[in-house]
Amino acid sequence: MYSLISCVIIQKVFSKLCIMFKLNNLCNKIEEQLPAKLVNFMQKAGQIADNQEQGLYLVGGAVRDLLLGQSTLDLDMVIEGNAIDLAQQLADFTEGKIKIHPRFNTANLKWDKWSIDLTTARTETYVKPGALPEITPSTITNDLSRRDFTINAMAVSLNINHYGTLNDQHGGTDDLEHKLIRVLHEKSFTDDATRIWRALRYEQRLDFHLEPDTLRLLKRDIHMLDTINGDRIRYEVECILGEKYPEKILHRAEELGVLPKLSPALKGNKWLGEKFQQTREISSPDTTPKNLYIALLVYPLTSTETERLISFLRVNKVLAQTLRDTINVKNKLISLTDPELKPAVIYHLLHGYSRHAVIVNAIASNLPIVKQNIQLFLDKLRYVKPTLTGNDLQKMGITQGLQIKKTLQKLLEARLNEKVNSKQEEIKLVEKQILANK
Ligand code: CTP
């Protein structure tokens with residue numbers, strides 16, 4: 001009897017140890033989930049670190065995704081030593097390309113389809129809220145403690161003797177299991193308010209919840225977004241728009257009062273969700289949804305509000321023009337509601353604006369006639385050109401610059417309205433005009 005009980009106890013303890021071992025060692029997950037080439041790379045990196053007697057770890061999102069069974073193309077590695085040295089050796093091994101940032105003692109290695117960030121383990125001190133932190137080389141323990149959320153503050157050892165061992169000093173696996181986004185300390189959002197946007201991004205991407213205290217701190221610190229410069233906020237907006245369903249994040253951001261910090265009139269409502277969905281349905285490689293998404297987001301704004309947002313976010317020239325054009329075309333939509341509109345009129349209403357701005361207006365409008373007129377412009381009218389050139393007109397006897405311009409304009413209108421349909425008919429039209437002017 002006694003031996004049976006002790007046997008059961010030993011079995012239980014052993015299976016518990018196995019579970020603990022499995023939970024704390026991710027080597028199986030690494031082998032099963034990551035491509036062999038990448039596993040080989042990580043083992044090589046571990047060997048190099050071993051030779052230098054330095055700790056090397058896979059950290060952040062890659063560990064989180066590994067535990068969630070999701071694949072990732074971006075890896076973050078932290079070394080308790082010199083990250084640039086390691087990057088150089090790994091670049092030789094992979095024949096990948098490295099970019100070095102000596103000031104931050106970090107490097108990025110691009111190889112095959114992967115992007116690997118290598119960083120020296122560090123502590124960060126925030127001298128002033130919103131400013132970039134001051135960095136001091138440190139241990140993995142301190143490095144994990146400087147991070148945003150528990151689910152992003154785990155590390156897996158890559159050194160051969162501890163290969164696969166999980167360092168989860170902040171309870172990240174528990175929070176993954178309970179689907180919670182949790183900051184590591186009270187001042188997390190104050191130190192770096194971009195984490196407010198990051199929290200919403202992870203919450204909605206993963207279908208998690210903000211842990212109650214984190215939610216309270218987030219609400220408390222929304223005003224700290226004022227300490228972050230436009231470039232850093234733009235980066236967060238770009239990350240959001242790169243997600244599968246950005247409308248979920250924008251909706252949540254409106255609900256919590258985060259979205260108005262970007263611009264008070266922005267909306268993360270049902271309309272936006274429907275329009276984003278339509279955008280995904282029509283998107284092709286040359287109409288990346290990101291550009292259309294941002295134009296749809298600014299759609300409710302006035303020209304002045306749009307200009308304010310453009311200058312705060314310091315968006316590039318092309319995107320700034322798309323956003324401006326979006327609002328300019330929106331202000332003209334009423335003219336496109338006439339079903340009798342001549343093609344030349346449609347052309348003149350829409351010509352000269354960025355293609356993305358025109359597409360966005362077709363998506364944004366709920367009126368079939370507007371959509372139809374814009375589609376006619378996009379599919380056909382914008383490509384229409386007269387066959388005759390300025391040179392041809394000169395040869396036909398029109399010598400004055402202004403006259404040439406006017407005639408080309410007339411030819412374009414005639415082409416658009418299908419009054420002329422061939423080079424021959426264009427020549428006839430020009431001859432008629434020459435005669436009329438004599
Ligand atoms: N990080 C942080 N605070 C920030 C930004 C980043 O603590 N404001 C830390 C997190 O540990 C994060 C890691 O740096 O996991 C890498 O940042 P990033 O590449 O932005 O995040 P990932 O977790 O890789 O997320 P994603 O899946 O969006 O790429």
# chains A, B, ... in the order shown; residues from 1 in each chain; ligands from 1
>>> closest_atom_pairs(of="range 239-322 of chain A", to="range 349-367 of chain A", cutoff="10 Å", atoms="only C-alpha atoms", output="Markdown table")
| residue | atom | partner | partner_atom | distance |
| --- | --- | --- | --- | --- |
| A:Trp271 | CA | A:Ala364 | CA | 8.9 |
| A:Leu272 | CA | A:Ala364 | CA | 8.9 |
| A:Glu274 | CA | A:Ala364 | CA | 9.5 |
| A:Lys275 | CA | A:Ile363 | CA | 6.5 |
| A:Phe276 | CA | A:Ile363 | CA | 9.0 |
| A:Gln278 | CA | A:Ile363 | CA | 7.1 |
| A:Thr279 | CA | A:Ile363 | CA | 7.2 |
| A:Ile282 | CA | A:Ile363 | CA | 9.5 |
| A:Asp286 | CA | A:His356 | CA | 10.0 |
| A:Thr287 | CA | A:His356 | CA | 7.3 |
| A:Thr288 | CA | A:His356 | CA | 9.5 |
| A:Pro289 | CA | A:His356 | CA | 9.8 |
| A:Asn291 | CA | A:His356 | CA | 7.3 |
| A:Leu292 | CA | A:Val360 | CA | 6.1 |
| A:Tyr293 | CA | A:Val360 | CA | 8.5 |
| A:Ile294 | CA | A:Val360 | CA | 9.7 |
| A:Ala295 | CA | A:Val360 | CA | 6.8 |
| A:Leu296 | CA | A:Val360 | CA | 6.4 |
| A:Tyr299 | CA | A:Ala364 | CA | 8.0 |
| A:Val318 | CA | A:Ser354 | CA | 8.7 |
| A:Leu319 | CA | A:Ser354 | CA | 9.3 |
| A:Gln321 | CA | A:Ser354 | CA | 7.2 |
| A:Thr322 | CA | A:Ala357 | CA | 5.3 |
>>> residues_near_ligand(ligand="ligand 1", cutoff="8 Å", atoms="only C-alpha atoms and all ligand atoms", output="short mmCIF file (atom, residue, chain, number, x, y, z; two decimals) with C-alpha atoms, in the first residue's frame")
data_model
loop_
_atom_site.label_atom_id
_atom_site.label_comp_id
_atom_site.auth_asym_id
_atom_site.auth_seq_id
_atom_site.Cartn_x
_atom_site.Cartn_y
_atom_site.Cartn_z
CA VAL A 59 13.91 38.26 -26.43
CA GLY A 60 10.69 40.23 -26.82
CA GLY A 61 8.13 39.57 -29.52
CA ALA A 62 9.87 36.49 -30.91
CA ARG A 64 5.98 35.82 -27.13
CA ASP A 65 5.11 34.55 -30.61
CA THR A 72 7.72 35.71 -36.89
CA ASP A 74 11.65 39.76 -36.92
CA LEU A 75 13.91 38.50 -34.18
CA ASP A 76 15.44 40.41 -31.29
CA LEU A 144 13.97 42.53 -19.30
CA ARG A 146 13.13 47.93 -18.84
CA ARG A 147 10.56 46.52 -21.25
CA ASP A 148 6.96 47.48 -21.95
CA PHE A 149 4.71 44.52 -21.11
CA ILE A 151 4.39 39.28 -22.52
CA ASN A 152 7.27 41.13 -24.23
CA ALA A 153 9.65 40.79 -21.28
CA MET A 154 10.72 37.17 -21.62
CA ASP A 192 7.37 56.18 -22.65
CA ALA A 193 3.83 57.08 -23.66
CA THR A 194 4.21 55.39 -27.07
CA ARG A 195 3.47 52.28 -25.00
CA ARG A 198 1.53 49.69 -28.30
CA ARG A 201 -2.07 47.33 -30.71
CA TYR A 202 -1.20 44.13 -28.84
CA CYS A 239 2.62 50.06 -37.04
#
>>> atom_distance(atom1="CA of Val63 in chain A", atom2="CA of Val156 in chain A")
6.9 Å
>>> closest_atom_pairs(of="range 133-199 of chain A", to="range 38-54 of chain A", cutoff="7 Å", atoms="only C-alpha atoms", output="Markdown table")
| residue | atom | partner | partner_atom | distance |
| --- | --- | --- | --- | --- |
| A:Leu158 | CA | A:Gly46 | CA | 4.9 |
| A:Asn159 | CA | A:Gly46 | CA | 4.4 |
| A:Ile160 | CA | A:Gly46 | CA | 6.0 |
>>> write_last_selection(atoms="C-alpha atoms", output="compact mmCIF listing (two decimals), in the first residue's frame")
# COMPACT_ATOMS: atom_id res chain seq x y z
CA LEU A 158 20.74 30.54 -26.76
CA ASN A 159 23.96 29.50 -25.00
CA ILE A 160 24.59 25.82 -25.55
>>> atom_distance(atom1="CA of Thr302 in chain A", atom2="CA of Gly242 in chain A")
25.0 Å
>>> select_by_dssp(residues="range 18-211 of chain A", states="strand (DSSP E)", output="VMD selection string")
chain A and resid 56 to 59 74 to 79 97 to 101 106 to 111 114 to 120 122 to 125 134 to 137 155 to 157 166 to 167 180 to 181 209 to 210
>>> atom_distance(atom1="CA of Lys423 in chain A", atom2="CA of Gln394 in chain A")
15.7 Å
>>> residues_around(residues="Thr139 in chain A", least_positions_apart="2", cutoff="10 Å", atoms="only C-alpha atoms", output="MDAnalysis selection string")
chainID A and resid 55 78:81 120:123 136:137 141:144
>>> write_last_selection(atoms="N, CA and C atoms", output="PDB file, in the first residue's frame")
ATOM      1  N   GLY A  55      26.442  35.853 -22.250  1.00  0.00           N
ATOM      2  CA  GLY A  55      25.080  35.317 -22.337  1.00  0.00           C
ATOM      3  C   GLY A  55      24.395  35.862 -23.590  1.00  0.00           C
ATOM      4  N   VAL A  78      19.561  39.625 -27.545  1.00  0.00           N
ATOM      5  CA  VAL A  78      20.292  40.466 -26.599  1.00  0.00           C
ATOM      6  C   VAL A  78      21.523  39.705 -26.149  1.00  0.00           C
ATOM      7  N   ILE A  79      22.670  40.382 -26.147  1.00  0.00           N
ATOM      8  CA  ILE A  79      23.901  39.746 -25.674  1.00  0.00           C
ATOM      9  C   ILE A  79      24.436  40.501 -24.468  1.00  0.00           C
ATOM     10  N   GLU A  80      24.883  39.749 -23.496  1.00  0.00           N
ATOM     11  CA  GLU A  80      25.551  40.393 -22.356  1.00  0.00           C
ATOM     12  C   GLU A  80      27.007  40.578 -22.779  1.00  0.00           C
ATOM     13  N   GLY A  81      27.220  41.453 -23.714  1.00  0.00           N
ATOM     14  CA  GLY A  81      28.539  41.673 -24.297  1.00  0.00           C
ATOM     15  C   GLY A  81      28.396  42.639 -25.461  1.00  0.00           C
ATOM     16  N   THR A 120      23.039  45.092 -27.100  1.00  0.00           N
ATOM     17  CA  THR A 120      23.747  44.777 -25.864  1.00  0.00           C
ATOM     18  C   THR A 120      22.760  44.931 -24.703  1.00  0.00           C
ATOM     19  N   ALA A 121      22.745  43.952 -23.804  1.00  0.00           N
ATOM     20  CA  ALA A 121      21.830  44.027 -22.650  1.00  0.00           C
ATOM     21  C   ALA A 121      22.049  45.358 -21.934  1.00  0.00           C
ATOM     22  N   ARG A 122      20.942  45.998 -21.556  1.00  0.00           N
ATOM     23  CA  ARG A 122      21.106  47.349 -20.997  1.00  0.00           C
ATOM     24  C   ARG A 122      20.021  47.724 -19.995  1.00  0.00           C
ATOM     25  N   THR A 123      20.351  48.739 -19.212  1.00  0.00           N
ATOM     26  CA  THR A 123      19.303  49.372 -18.409  1.00  0.00           C
ATOM     27  C   THR A 123      19.009  50.698 -19.082  1.00  0.00           C
ATOM     28  N   THR A 136      22.726  52.180 -20.311  1.00  0.00           N
ATOM     29  CA  THR A 136      23.969  51.665 -19.719  1.00  0.00           C
ATOM     30  C   THR A 136      24.009  50.146 -19.920  1.00  0.00           C
ATOM     31  N   PRO A 137      25.158  49.587 -20.367  1.00  0.00           N
ATOM     32  CA  PRO A 137      25.252  48.134 -20.524  1.00  0.00           C
ATOM     33  C   PRO A 137      24.938  47.443 -19.203  1.00  0.00           C
ATOM     34  N   THR A 141      18.718  40.358 -16.860  1.00  0.00           N
ATOM     35  CA  THR A 141      17.680  40.599 -15.844  1.00  0.00           C
ATOM     36  C   THR A 141      17.231  42.057 -15.896  1.00  0.00           C
ATOM     37  N   ASN A 142      18.201  42.968 -15.924  1.00  0.00           N
ATOM     38  CA  ASN A 142      17.848  44.390 -15.983  1.00  0.00           C
ATOM     39  C   ASN A 142      17.250  44.743 -17.346  1.00  0.00           C
ATOM     40  N   ASP A 143      17.751  44.103 -18.373  1.00  0.00           N
ATOM     41  CA  ASP A 143      17.259  44.394 -19.712  1.00  0.00           C
ATOM     42  C   ASP A 143      15.777  44.043 -19.823  1.00  0.00           C
ATOM     43  N   LEU A 144      15.384  42.924 -19.228  1.00  0.00           N
ATOM     44  CA  LEU A 144      13.970  42.531 -19.302  1.00  0.00           C
ATOM     45  C   LEU A 144      13.103  43.489 -18.480  1.00  0.00           C
TER      46      LEU A 144
END
>>> residues_around(residues="Leu180 in chain A", least_positions_apart="4", cutoff="7 Å", atoms="only C-alpha atoms", output="number ranges by chain")
A: 175-176, 208-211
>>> write_last_selection(atoms="C-alpha atoms", output="CSV table (one decimal), in the first residue's frame")
chain,number,residue,atom,x,y,z
A,175,ASP,CA,-0.3,36.7,-18.7
A,176,LEU,CA,-0.2,35.0,-22.1
A,208,PHE,CA,-6.3,40.1,-25.2
A,209,HIS,CA,-7.4,42.5,-22.5
A,210,LEU,CA,-5.7,45.3,-20.6
A,211,GLU,CA,-5.1,44.1,-17.1
>>> residues_around(residues="Asn421 in chain A", least_positions_apart="5", cutoff="10 Å", atoms="only C-alpha atoms", output="PyMOL selection string")
chain A and resi 386-387+414-416+426
>>> write_last_selection(atoms="all heavy atoms", output="tab-separated table (two decimals), in the first residue's frame")
chain	number	residue	atom	x	y	z
A	386	PRO	N	-4.91	62.97	-76.65
A	386	PRO	CA	-5.03	63.09	-78.10
A	386	PRO	C	-3.83	62.40	-78.77
A	386	PRO	O	-2.76	62.33	-78.18
A	386	PRO	CB	-4.97	64.59	-78.36
A	386	PRO	CG	-4.88	65.26	-77.05
A	386	PRO	CD	-4.62	64.23	-76.00
A	387	THR	N	-4.03	61.93	-80.02
A	387	THR	CA	-2.91	61.29	-80.71
A	387	THR	C	-1.97	62.37	-81.25
A	387	THR	O	-0.75	62.21	-81.26
A	387	THR	CB	-3.45	60.43	-81.88
A	387	THR	OG1	-4.52	59.66	-81.38
A	387	THR	CG2	-2.37	59.52	-82.44
A	414	ALA	N	-12.49	66.60	-76.84
A	414	ALA	CA	-13.21	65.86	-77.88
A	414	ALA	C	-12.97	64.36	-77.73
A	414	ALA	O	-13.89	63.56	-77.88
A	414	ALA	CB	-12.76	66.35	-79.25
A	415	ARG	N	-11.74	64.01	-77.39
A	415	ARG	CA	-11.42	62.60	-77.16
A	415	ARG	C	-12.20	62.04	-75.97
A	415	ARG	O	-12.80	60.97	-76.04
A	415	ARG	CB	-9.92	62.43	-76.87
A	415	ARG	CG	-9.06	62.25	-78.07
A	415	ARG	CD	-9.16	60.80	-78.57
A	415	ARG	NE	-8.22	60.57	-79.63
A	415	ARG	CZ	-8.16	59.44	-80.34
A	415	ARG	NH1	-8.99	58.45	-80.11
A	415	ARG	NH2	-7.28	59.29	-81.29
A	416	LEU	N	-12.18	62.84	-74.87
A	416	LEU	CA	-12.85	62.38	-73.64
A	416	LEU	C	-14.35	62.18	-73.88
A	416	LEU	O	-14.93	61.20	-73.44
A	416	LEU	CB	-12.66	63.41	-72.52
A	416	LEU	CG	-11.27	63.47	-71.89
A	416	LEU	CD1	-11.08	64.77	-71.11
A	416	LEU	CD2	-11.05	62.27	-70.96
A	426	GLU	N	-9.19	63.56	-85.48
A	426	GLU	CA	-8.50	64.68	-84.79
A	426	GLU	C	-8.00	65.68	-85.84
A	426	GLU	O	-8.16	66.89	-85.68
A	426	GLU	CB	-7.31	64.16	-83.98
A	426	GLU	CG	-7.71	63.50	-82.68
A	426	GLU	CD	-6.51	63.13	-81.82
A	426	GLU	OE1	-5.41	63.67	-82.02
A	426	GLU	OE2	-6.68	62.26	-80.94
>>> residues_around(residues="Ile100 in chain A", least_positions_apart="5", cutoff="9 Å", atoms="only C-alpha atoms", output="number ranges by chain")
A: 84, 87, 105-109
>>> write_last_selection(atoms="C-alpha atoms", output="PDB file, in the first residue's frame")
ATOM      1  CA  ILE A  84      28.171  44.784 -32.892  1.00  0.00           C
ATOM      2  CA  ALA A  87      26.521  40.915 -35.579  1.00  0.00           C
ATOM      3  CA  ASN A 105      25.672  49.651 -29.585  1.00  0.00           C
ATOM      4  CA  THR A 106      23.105  47.846 -31.716  1.00  0.00           C
ATOM      5  CA  ALA A 107      23.106  46.224 -35.122  1.00  0.00           C
ATOM      6  CA  ASN A 108      20.564  44.872 -37.537  1.00  0.00           C
ATOM      7  CA  LEU A 109      21.252  41.828 -39.659  1.00  0.00           C
TER       8      LEU A 109
END
>>> decode(residues="range 43-179 of chain A", atoms="C-alpha atoms", output="PDB file, in the first residue's frame")
ATOM      1  CA  GLN A  43      22.777  27.729 -32.481  1.00  0.00           C
ATOM      2  CA  LYS A  44      25.727  29.299 -34.281  1.00  0.00           C
ATOM      3  CA  ALA A  45      25.046  32.579 -32.472  1.00  0.00           C
ATOM      4  CA  GLY A  46      24.956  30.659 -29.163  1.00  0.00           C
ATOM      5  CA  GLN A  47      28.301  29.047 -29.964  1.00  0.00           C
ATOM      6  CA  ILE A  48      29.936  32.407 -30.719  1.00  0.00           C
ATOM      7  CA  ALA A  49      28.572  33.840 -27.464  1.00  0.00           C
ATOM      8  CA  ASP A  50      29.831  30.747 -25.581  1.00  0.00           C
ATOM      9  CA  ASN A  51      33.320  31.236 -26.997  1.00  0.00           C
ATOM     10  CA  GLN A  52      33.277  34.774 -25.648  1.00  0.00           C
ATOM     11  CA  GLU A  53      31.721  33.650 -22.372  1.00  0.00           C
ATOM     12  CA  GLN A  54      28.776  35.957 -22.850  1.00  0.00           C
ATOM     13  CA  GLY A  55      25.080  35.317 -22.337  1.00  0.00           C
ATOM     14  CA  LEU A  56      22.962  35.408 -25.492  1.00  0.00           C
ATOM     15  CA  TYR A  57      19.162  35.479 -25.563  1.00  0.00           C
ATOM     16  CA  LEU A  58      16.220  35.607 -27.893  1.00  0.00           C
ATOM     17  CA  VAL A  59      13.912  38.261 -26.426  1.00  0.00           C
ATOM     18  CA  GLY A  60      10.691  40.228 -26.820  1.00  0.00           C
ATOM     19  CA  GLY A  61       8.128  39.570 -29.518  1.00  0.00           C
ATOM     20  CA  ALA A  62       9.873  36.486 -30.907  1.00  0.00           C
ATOM     21  CA  VAL A  63       9.588  34.692 -27.539  1.00  0.00           C
ATOM     22  CA  ARG A  64       5.984  35.816 -27.127  1.00  0.00           C
ATOM     23  CA  ASP A  65       5.109  34.550 -30.609  1.00  0.00           C
ATOM     24  CA  LEU A  66       6.979  31.294 -30.046  1.00  0.00           C
ATOM     25  CA  LEU A  67       4.865  30.657 -26.950  1.00  0.00           C
ATOM     26  CA  LEU A  68       1.717  31.574 -28.864  1.00  0.00           C
ATOM     27  CA  GLY A  69       2.640  29.215 -31.678  1.00  0.00           C
ATOM     28  CA  GLN A  70       2.855  32.075 -34.162  1.00  0.00           C
ATOM     29  CA  SER A  71       5.591  32.587 -36.724  1.00  0.00           C
ATOM     30  CA  THR A  72       7.718  35.705 -36.889  1.00  0.00           C
ATOM     31  CA  LEU A  73      10.184  37.211 -39.335  1.00  0.00           C
ATOM     32  CA  ASP A  74      11.648  39.765 -36.919  1.00  0.00           C
ATOM     33  CA  LEU A  75      13.908  38.500 -34.180  1.00  0.00           C
ATOM     34  CA  ASP A  76      15.441  40.411 -31.290  1.00  0.00           C
ATOM     35  CA  MET A  77      18.596  39.086 -29.671  1.00  0.00           C
ATOM     36  CA  VAL A  78      20.292  40.466 -26.599  1.00  0.00           C
ATOM     37  CA  ILE A  79      23.901  39.746 -25.674  1.00  0.00           C
ATOM     38  CA  GLU A  80      25.551  40.393 -22.356  1.00  0.00           C
ATOM     39  CA  GLY A  81      28.539  41.673 -24.297  1.00  0.00           C
ATOM     40  CA  ASN A  82      29.265  43.429 -27.569  1.00  0.00           C
ATOM     41  CA  ALA A  83      26.284  43.248 -29.967  1.00  0.00           C
ATOM     42  CA  ILE A  84      28.171  44.784 -32.892  1.00  0.00           C
ATOM     43  CA  ASP A  85      30.957  42.205 -32.657  1.00  0.00           C
ATOM     44  CA  LEU A  86      28.427  39.387 -32.645  1.00  0.00           C
ATOM     45  CA  ALA A  87      26.521  40.915 -35.579  1.00  0.00           C
ATOM     46  CA  GLN A  88      29.726  41.096 -37.620  1.00  0.00           C
ATOM     47  CA  GLN A  89      30.536  37.441 -36.989  1.00  0.00           C
ATOM     48  CA  LEU A  90      26.970  36.401 -37.803  1.00  0.00           C
ATOM     49  CA  ALA A  91      27.012  38.474 -40.977  1.00  0.00           C
ATOM     50  CA  ASP A  92      30.107  36.546 -42.101  1.00  0.00           C
ATOM     51  CA  PHE A  93      28.384  33.265 -41.265  1.00  0.00           C
ATOM     52  CA  THR A  94      25.134  34.045 -43.090  1.00  0.00           C
ATOM     53  CA  GLU A  95      26.515  36.386 -45.777  1.00  0.00           C
ATOM     54  CA  GLY A  96      23.698  38.695 -44.712  1.00  0.00           C
ATOM     55  CA  LYS A  97      23.787  42.500 -44.606  1.00  0.00           C
ATOM     56  CA  ILE A  98      24.383  44.396 -41.401  1.00  0.00           C
ATOM     57  CA  LYS A  99      23.632  47.932 -40.360  1.00  0.00           C
ATOM     58  CA  ILE A 100      25.499  49.146 -37.309  1.00  0.00           C
ATOM     59  CA  HIS A 101      24.432  51.867 -34.871  1.00  0.00           C
ATOM     60  CA  PRO A 102      27.605  52.457 -32.780  1.00  0.00           C
ATOM     61  CA  ARG A 103      25.924  55.163 -30.707  1.00  0.00           C
ATOM     62  CA  PHE A 104      23.381  52.696 -29.372  1.00  0.00           C
ATOM     63  CA  ASN A 105      25.672  49.651 -29.585  1.00  0.00           C
ATOM     64  CA  THR A 106      23.105  47.846 -31.716  1.00  0.00           C
ATOM     65  CA  ALA A 107      23.106  46.224 -35.122  1.00  0.00           C
ATOM     66  CA  ASN A 108      20.564  44.872 -37.537  1.00  0.00           C
ATOM     67  CA  LEU A 109      21.252  41.828 -39.659  1.00  0.00           C
ATOM     68  CA  LYS A 110      19.146  41.219 -42.740  1.00  0.00           C
ATOM     69  CA  TRP A 111      19.485  37.780 -44.114  1.00  0.00           C
ATOM     70  CA  ASP A 112      17.166  35.710 -46.278  1.00  0.00           C
ATOM     71  CA  LYS A 113      13.672  36.868 -45.274  1.00  0.00           C
ATOM     72  CA  TRP A 114      14.637  37.585 -41.685  1.00  0.00           C
ATOM     73  CA  SER A 115      15.532  40.762 -39.888  1.00  0.00           C
ATOM     74  CA  ILE A 116      17.490  40.306 -36.668  1.00  0.00           C
ATOM     75  CA  ASP A 117      18.106  43.108 -34.194  1.00  0.00           C
ATOM     76  CA  LEU A 118      21.131  42.558 -31.972  1.00  0.00           C
ATOM     77  CA  THR A 119      21.433  44.657 -28.840  1.00  0.00           C
ATOM     78  CA  THR A 120      23.747  44.777 -25.864  1.00  0.00           C
ATOM     79  CA  ALA A 121      21.830  44.027 -22.650  1.00  0.00           C
ATOM     80  CA  ARG A 122      21.106  47.349 -20.997  1.00  0.00           C
ATOM     81  CA  THR A 123      19.303  49.372 -18.409  1.00  0.00           C
ATOM     82  CA  GLU A 124      17.419  52.447 -19.468  1.00  0.00           C
ATOM     83  CA  THR A 125      16.956  55.608 -17.465  1.00  0.00           C
ATOM     84  CA  TYR A 126      14.321  58.115 -18.474  1.00  0.00           C
ATOM     85  CA  VAL A 127      15.698  61.531 -17.557  1.00  0.00           C
ATOM     86  CA  LYS A 128      12.533  63.199 -18.760  1.00  0.00           C
ATOM     87  CA  PRO A 129       9.159  61.655 -19.730  1.00  0.00           C
ATOM     88  CA  GLY A 130       8.905  61.078 -23.467  1.00  0.00           C
ATOM     89  CA  ALA A 131      12.611  61.610 -24.133  1.00  0.00           C
ATOM     90  CA  LEU A 132      14.712  58.760 -25.442  1.00  0.00           C
ATOM     91  CA  PRO A 133      16.231  56.880 -22.508  1.00  0.00           C
ATOM     92  CA  GLU A 134      19.850  56.969 -21.359  1.00  0.00           C
ATOM     93  CA  ILE A 135      21.416  53.580 -21.826  1.00  0.00           C
ATOM     94  CA  THR A 136      23.969  51.665 -19.719  1.00  0.00           C
ATOM     95  CA  PRO A 137      25.252  48.134 -20.524  1.00  0.00           C
ATOM     96  CA  SER A 138      23.814  45.650 -18.073  1.00  0.00           C
ATOM     97  CA  THR A 139      22.488  42.119 -17.506  1.00  0.00           C
ATOM     98  CA  ILE A 140      19.578  40.288 -19.130  1.00  0.00           C
ATOM     99  CA  THR A 141      17.680  40.599 -15.844  1.00  0.00           C
ATOM    100  CA  ASN A 142      17.848  44.390 -15.983  1.00  0.00           C
ATOM    101  CA  ASP A 143      17.259  44.394 -19.712  1.00  0.00           C
ATOM    102  CA  LEU A 144      13.970  42.531 -19.302  1.00  0.00           C
ATOM    103  CA  SER A 145      12.903  44.908 -16.527  1.00  0.00           C
ATOM    104  CA  ARG A 146      13.130  47.933 -18.844  1.00  0.00           C
ATOM    105  CA  ARG A 147      10.556  46.519 -21.247  1.00  0.00           C
ATOM    106  CA  ASP A 148       6.961  47.475 -21.952  1.00  0.00           C
ATOM    107  CA  PHE A 149       4.714  44.519 -21.106  1.00  0.00           C
ATOM    108  CA  THR A 150       5.163  41.199 -19.321  1.00  0.00           C
ATOM    109  CA  ILE A 151       4.394  39.280 -22.519  1.00  0.00           C
ATOM    110  CA  ASN A 152       7.269  41.132 -24.226  1.00  0.00           C
ATOM    111  CA  ALA A 153       9.653  40.791 -21.281  1.00  0.00           C
ATOM    112  CA  MET A 154      10.719  37.166 -21.617  1.00  0.00           C
ATOM    113  CA  ALA A 155      14.013  35.765 -22.878  1.00  0.00           C
ATOM    114  CA  VAL A 156      15.169  32.379 -24.129  1.00  0.00           C
ATOM    115  CA  SER A 157      18.799  31.455 -23.623  1.00  0.00           C
ATOM    116  CA  LEU A 158      20.735  30.543 -26.758  1.00  0.00           C
ATOM    117  CA  ASN A 159      23.963  29.499 -25.004  1.00  0.00           C
ATOM    118  CA  ILE A 160      24.588  25.824 -25.549  1.00  0.00           C
ATOM    119  CA  ASN A 161      24.424  24.744 -21.894  1.00  0.00           C
ATOM    120  CA  HIS A 162      21.100  26.531 -21.278  1.00  0.00           C
ATOM    121  CA  TYR A 163      19.753  26.368 -24.805  1.00  0.00           C
ATOM    122  CA  GLY A 164      15.993  26.987 -24.806  1.00  0.00           C
ATOM    123  CA  THR A 165      15.717  27.945 -21.123  1.00  0.00           C
ATOM    124  CA  LEU A 166      13.001  30.510 -20.602  1.00  0.00           C
ATOM    125  CA  ASN A 167      13.602  33.528 -18.382  1.00  0.00           C
ATOM    126  CA  ASP A 168      10.169  34.738 -17.365  1.00  0.00           C
ATOM    127  CA  GLN A 169      10.893  36.887 -14.328  1.00  0.00           C
ATOM    128  CA  HIS A 170       7.791  39.088 -14.836  1.00  0.00           C
ATOM    129  CA  GLY A 171       5.130  36.413 -15.303  1.00  0.00           C
ATOM    130  CA  GLY A 172       4.736  36.724 -19.066  1.00  0.00           C
ATOM    131  CA  THR A 173       3.594  33.118 -19.611  1.00  0.00           C
ATOM    132  CA  ASP A 174       0.851  33.538 -17.006  1.00  0.00           C
ATOM    133  CA  ASP A 175      -0.335  36.685 -18.738  1.00  0.00           C
ATOM    134  CA  LEU A 176      -0.212  34.962 -22.117  1.00  0.00           C
ATOM    135  CA  GLU A 177      -2.342  32.196 -20.690  1.00  0.00           C
ATOM    136  CA  HIS A 178      -4.844  34.678 -19.235  1.00  0.00           C
ATOM    137  CA  LYS A 179      -4.675  36.904 -22.316  1.00  0.00           C
TER     138      LYS A 179
END
